[in-house]
Each structure stands twice: as structure tokens, then as C-alpha cells.
>>> print(open('protein36.txt').read())   # compact mmCIF, C-alpha atoms
# COMPACT_ATOMS: atom_id res chain seq x y z
CA MET V 189 72.98 96.26 52.44
CA ASN V 190 72.51 93.07 54.39
CA TRP V 191 74.85 90.52 52.82
CA LEU V 192 72.84 87.63 54.19
CA ARG V 193 69.72 88.87 52.43
CA ASP V 194 71.38 90.20 49.26
CA MET V 195 74.12 87.63 48.54
CA GLU V 196 72.95 85.49 45.62
CA TYR V 197 75.97 83.40 44.68
CA CYS V 198 77.76 80.72 46.68
CA PRO V 199 81.28 81.94 47.52
CA ARG V 200 82.61 78.37 47.21
CA CYS V 201 81.18 77.13 43.89
CA GLY V 202 79.69 80.28 42.36
CA CYS V 203 76.24 78.78 41.81
CA ARG V 204 73.12 80.85 42.22
CA THR V 205 71.68 78.21 44.52
CA PHE V 206 72.76 80.03 47.69
CA ASP V 207 69.53 80.09 49.68
CA VAL V 208 68.65 81.64 53.03
CA ALA V 209 68.62 78.71 55.45
CA GLY V 210 67.91 80.54 58.70
CA VAL V 211 68.01 83.95 60.36
CA LYS V 212 71.82 84.03 60.26
CA ASN V 213 72.93 81.65 57.51
CA ARG V 214 72.78 80.68 53.84
CA ARG V 215 73.29 77.23 52.33
CA CYS V 216 74.17 76.23 48.78
CA ARG V 217 71.87 73.62 47.26
CA HIS V 218 74.57 72.68 44.76
CA CYS V 219 77.70 72.08 46.89
CA GLY V 220 76.27 72.11 50.44
CA PHE V 221 78.44 75.01 51.64
CA GLU V 222 76.87 76.86 54.57
CA LEU V 223 77.86 80.40 55.56
CA PHE V 224 76.92 81.96 58.90
CA MET V 225 76.64 85.67 59.71
CA ASN V 226 78.67 85.79 62.93
CA ALA V 227 79.78 88.89 64.79
CA SER V 228 83.23 90.33 64.17
CA ALA V 229 85.29 91.08 67.28
CA SER V 230 85.89 94.75 67.96
CA THR V 231 87.62 96.33 70.94
CA ALA V 232 87.23 99.53 72.95
CA ALA V 233 89.85 100.85 75.38
CA VAL V 234 88.85 102.49 78.65
CA ILE V 235 91.89 104.53 79.68
CA ILE V 236 91.57 106.66 82.82
CA ASN V 237 94.48 108.83 83.93
CA GLY V 238 95.51 109.82 87.47
CA ARG V 239 93.24 112.90 87.33
CA ASP V 240 90.10 110.73 86.81
CA GLU V 241 89.84 111.70 83.14
CA LEU V 242 88.76 109.34 80.37
CA LEU V 243 90.69 109.29 77.12
CA VAL V 244 88.34 109.73 74.17
CA VAL V 245 89.00 110.24 70.49
CA ARG V 246 86.98 112.19 67.97
CA ARG V 247 86.10 109.98 65.00
CA ALA V 248 87.84 111.05 61.77
CA LYS V 249 85.77 108.80 59.50
CA GLU V 250 82.25 107.54 58.99
CA PRO V 251 80.27 106.11 60.56
CA ALA V 252 79.59 108.79 63.18
CA ARG V 253 82.40 111.06 61.97
CA GLY V 254 83.08 113.93 64.37
CA THR V 255 81.55 112.25 67.43
CA TYR V 256 83.36 110.89 70.46
CA ASP V 257 84.60 107.32 70.56
CA LEU V 258 86.90 105.20 72.66
CA PRO V 259 90.20 104.15 71.10
CA GLY V 260 89.79 100.72 69.56
CA GLY V 261 88.69 98.83 66.50
CA PHE V 262 88.49 95.43 64.87
CA ALA V 263 90.69 92.60 66.08
CA ASP V 264 92.82 91.13 63.30
CA ALA V 265 92.85 87.46 62.43
CA GLY V 266 95.48 85.68 64.50
CA GLU V 267 95.60 88.16 67.38
CA THR V 268 93.93 88.05 70.77
CA ALA V 269 91.43 90.75 71.72
CA GLU V 270 94.02 92.09 74.19
CA GLU V 271 96.62 92.33 71.41
CA GLY V 272 94.02 93.96 69.17
CA VAL V 273 93.08 96.64 71.69
CA ALA V 274 96.77 97.38 72.36
CA ARG V 275 97.47 97.69 68.61
CA GLU V 276 94.46 99.93 68.03
CA VAL V 277 95.38 102.21 70.97
CA MET V 278 98.91 102.54 69.53
CA GLU V 279 97.59 103.23 66.02
CA GLU V 280 95.05 105.85 67.13
CA THR V 281 96.82 107.57 70.04
CA GLY V 282 100.49 106.56 70.01
CA LEU V 283 100.14 105.23 73.57
CA THR V 284 101.58 101.86 74.63
CA VAL V 285 99.16 99.57 76.49
CA VAL V 286 100.91 97.65 79.29
CA SER V 287 97.82 95.79 80.53
CA ALA V 288 94.28 95.18 79.31
CA GLU V 289 91.57 93.85 81.63
CA TYR V 290 88.25 92.72 80.14
CA LEU V 291 85.24 94.64 81.47
CA PHE V 292 82.13 93.72 79.43
CA SER V 293 80.76 93.47 75.88
CA GLU V 294 78.06 95.16 73.81
CA PRO V 295 76.54 93.93 70.53
CA ASN V 296 76.58 96.36 67.62
CA THR V 297 76.31 96.69 63.88
CA TYR V 298 78.90 98.60 61.90
CA GLU V 299 78.35 99.90 58.39
CA TYR V 300 81.40 99.38 56.18
CA GLY V 301 81.53 99.59 52.41
CA GLY V 302 77.75 99.48 52.16
CA LEU V 303 77.50 96.33 54.27
CA LEU V 304 76.01 96.16 57.75
CA ILE V 305 78.43 94.03 59.76
CA PRO V 306 77.37 92.58 63.14
CA THR V 307 80.06 93.16 65.77
CA GLN V 308 80.71 92.18 69.35
CA ASP V 309 82.42 95.15 71.01
CA LEU V 310 84.73 94.05 73.84
CA PHE V 311 85.51 96.75 76.40
CA PHE V 312 88.88 96.66 78.20
CA ARG V 313 90.24 98.73 81.08
CA CYS V 314 93.73 99.57 79.78
CA SER V 315 96.79 100.88 81.56
CA VAL V 316 99.31 102.71 79.42
CA ALA V 317 103.04 103.27 79.90
CA ASP V 318 102.82 107.06 79.65
CA ALA V 319 99.45 108.82 79.41
CA THR V 320 100.83 112.35 79.18
CA ALA V 321 100.94 112.82 75.43
CA PRO V 322 98.38 111.02 73.27
CA HIS V 323 98.43 112.12 69.62
CA ALA V 324 95.62 111.48 67.15
CA HIS V 325 96.52 109.13 64.29
CA ASP V 326 94.76 106.72 61.94
CA ASP V 327 90.96 106.82 62.55
CA ALA V 328 91.19 109.47 65.28
CA ALA V 329 90.92 113.17 64.42
CA GLU V 330 91.63 114.29 67.98
CA CYS V 331 92.48 112.89 71.43
CA LEU V 332 90.86 114.44 74.50
CA TRP V 333 90.91 113.81 78.24
CA ILE V 334 87.43 114.33 79.70
CA PRO V 335 86.81 114.40 83.47
CA LEU V 336 84.71 111.37 84.41
CA ASN V 337 82.03 113.59 85.95
CA ARG V 338 81.55 115.29 82.54
CA VAL V 339 81.37 112.16 80.37
CA ARG V 340 77.95 111.82 78.71
CA PRO V 341 76.96 108.67 76.81
CA GLU V 342 74.95 110.67 74.28
CA ASP V 343 78.15 112.37 73.04
CA PHE V 344 79.40 109.04 71.66
CA GLY V 345 78.22 108.40 68.10
CA LEU V 346 78.28 104.61 67.90
CA ALA V 347 75.35 102.97 69.70
CA SER V 348 77.38 100.23 71.38
CA ILE V 349 80.03 102.68 72.61
CA SER V 350 77.31 104.98 73.96
CA ARG V 351 75.71 102.04 75.82
CA GLY V 352 79.15 100.95 77.04
CA ILE V 353 79.89 104.44 78.36
CA GLY V 354 76.56 104.32 80.22
CA ARG V 355 77.57 101.01 81.80
CA LEU V 356 81.03 102.39 82.60
CA MET V 357 79.55 105.44 84.35
CA LYS V 358 77.42 103.13 86.53
CA ILE V 359 80.55 101.14 87.45
CA VAL V 360 82.41 104.36 88.27
CA ALA V 361 79.49 105.64 90.38
CA ALA V 362 79.24 102.33 92.27
CA HIS V 363 83.00 102.36 92.89
CA ASP V 364 82.85 105.96 94.11
CA ALA V 365 79.96 105.13 96.46
CA THR V 366 81.82 102.10 97.83
CA THR V 367 85.02 104.09 98.29
CA ARG V 368 83.17 106.95 99.97
CA TYR V 369 81.31 104.78 102.49
CA ASN V 370 84.03 102.26 103.34
>>> encode(input="protein36.txt", output="C-alpha cells")
Amino acid sequence: MNWLRDMEYCPRCGCRTFDVAGVKNRRCRHCGFELFMNASASTAAVIINGRDELLVVRRAKEPARGTYDLPGGFADAGETAEEGVAREVMEETGLTVVSAEYLFSEPNTYEYGGLLIPTQDLFFRCSVADATAPHAHDDAAECLWIPLNRVRPEDFGLASISRGIGRLMKIVAAHDATTRYN
């Protein structure tokens, strides 16, 4: 379901005069209220331990249940993206994030409750206080450390995370080449 296409009633006044006004908005002819379909902020944590292994979680829920993912999720209202990624890492793995450095973003859509929600997935390189014992909680069925040289984007079920892993592997390869030749 695309709420922009399927929403018939104005959420402010309740009138059925809530018309599509553009590719990402609706406007009420009765009260003038305009609603835009903007992306929700979502975070993804890139956590690499001292053995050059990436922390991944196996998704416990749909969408893409059973596939690999990075720890992360939606930022809550009133928190920064850095606070959101730290909270999500704690909720899913039990690990405490001590620093989060922004890397890049990827657009995505996320199906929730029958709605297709546009998201902006923000990737952060995170350092954790103690990486020795992650435990799967919340949306994670399992936590795994995968050697960087065995990480494959196609193993990640969400399109934006898969693309992000591809970008991450290019960054890692460029760093390795720079380190090797300098």
C-alpha cells in the first residue's frame, strides 16, 4: 500500500477532499492542510572488531526475515541519529556504542504494516566498549562475526543494506590497498 496514493481523508479535518498535489504530497481542498511523504531516518551500525570481522545480525522479523543485516533501525523522535544507532545496537546486541562516525547514506523503502515507507538509511562506523560478547535481542535472531574478506552484499536481505555493504567493501579494499602500498 502506498499511503500517498491510497489515503483518501485529510488527517487534520477528516474531509474526503485530500487530493494528490504532487509526486510526494497531498493537499486538502477544504482546510488547506498539505502532507508530504518524506523519508524516515534509519541507522545501520558498521562494527569491525580487532580481527577484521564485521558484526552482522540475522533478521528475526519480516521484511527479509532470516537474512543478514547490520544492527540498527529507525531513529526515534527527539534523538540524534548517533543516539539512535547506539540505542539500536544496545537493543539488538547488548553492546554499548562509545562512538559513532557517519560514513554514508542509502535510500530505501521499508514495508511496515502494509505500508511502504521511504527511508534514508544512515551508515555509521561504531566503536563499542566491549565487542567480545554480543547477544541477539529484539529484532535480531542471531549475532555473527564475519571476516571482512567473506562478507558478500548479496547475503543481506534489505536492498539498501546490501548496497551499503557493497560500498563498505570498496572502502575497505581501498584502505587495504593504501595501507599495503604506503
>>> atom_distance(input="protein36.txt", atom1="atom CA of Thr281 of chain V", atom2="atom CA of Cys331 of chain V")
7.0 Å
>>> residues_near_point(input="protein36.txt", point="(90.2, 111.5, 86.1)", cutoff="10 Å", atoms="all atoms listed in the file", output="PyMOL selection string")
chain V and resi 235-243+333-337
>>> residues_around(input="protein36.txt", residues="Glu271 of chain V", least_positions_apart="6", cutoff="12 Å", atoms="all atoms listed in the file", output="list in words")
Ser230, Thr231, Ala232, Ala233, Gly260, Gly261, Phe262, Ala263, Asp264, Ala265, Val277, Met278, Thr284, Val285, Val286, Ser287, Ala288, Glu289, Phe312 and Cys314 of chain V
>>> closest_residue(input="protein36.txt", among="V:Ser348, V:Thr255, V:Thr297, V:Asn213", to="Ala329 of chain V", atoms="all atoms listed in the file")
V:Thr255
>>> residues_around(input="protein36.txt", residues="Arg217 of chain V", least_positions_apart="3", cutoff="7 Å", atoms="all atoms listed in the file", output="JSON, numbers by chain")
{"V": [205, 206, 220]}
>>> residues_around(input="protein36.txt", residues="segment 303-309 of chain V", least_positions_apart="3", cutoff="8 Å", atoms="all atoms listed in the file", output="JSON, numbers by chain")
{"V": [189, 190, 191, 225, 226, 227, 228, 229, 230, 231, 232, 293, 294, 295, 296, 297, 298, 299, 300, 348]}
>>> closest_residue(input="protein36.txt", among="V:Cys201, V:Val211, V:Val316, V:Val234", to="Leu356 of chain V", atoms="only C-alpha atoms")
V:Val234
>>> closest_residue(input="protein36.txt", among="V:Leu258, V:Val360, V:Val245, V:Val339", to="Pro322 of chain V", atoms="only C-alpha atoms")
V:Val245
>>> atom_distance(input="protein36.txt", atom1="atom CA of Gly352 of chain V", atom2="atom CA of Phe292 of chain V")
8.2 Å
>>> atom_distance(input="protein36.txt", atom1="atom CA of Ser350 of chain V", atom2="atom CA of Leu332 of chain V")
16.5 Å
>>> residues_around(input="protein36.txt", residues="Tyr290 of chain V", least_positions_apart="6", cutoff="8 Å", atoms="only C-alpha atoms", output="list of chain:residue names")
V:Leu310, V:Phe311, V:Phe312, V:Arg313
>>> residues_around(input="protein36.txt", residues="Glu280 of chain V", least_positions_apart="6", cutoff="6 Å", atoms="only C-alpha atoms", output="PDB file with C-alpha atoms, keeping the file's coordinate frame")
ATOM      1  CA  ALA V 324      95.620 111.480  67.150  1.00  0.00           C
ATOM      2  CA  HIS V 325      96.520 109.130  64.290  1.00  0.00           C
ATOM      3  CA  ASP V 326      94.760 106.720  61.940  1.00  0.00           C
ATOM      4  CA  ALA V 328      91.190 109.470  65.280  1.00  0.00           C
TER       5      ALA V 328
END
>>> axis_aligned_box(input="protein36.txt", around="segment 230-237 of chain V", padding_each_side="3 Å", output="lines of an AutoDock Vina configuration file")
center_x = 90.2
center_y = 101.8
center_z = 75.9
size_x = 14.6
size_y = 20.1
size_z = 22.0
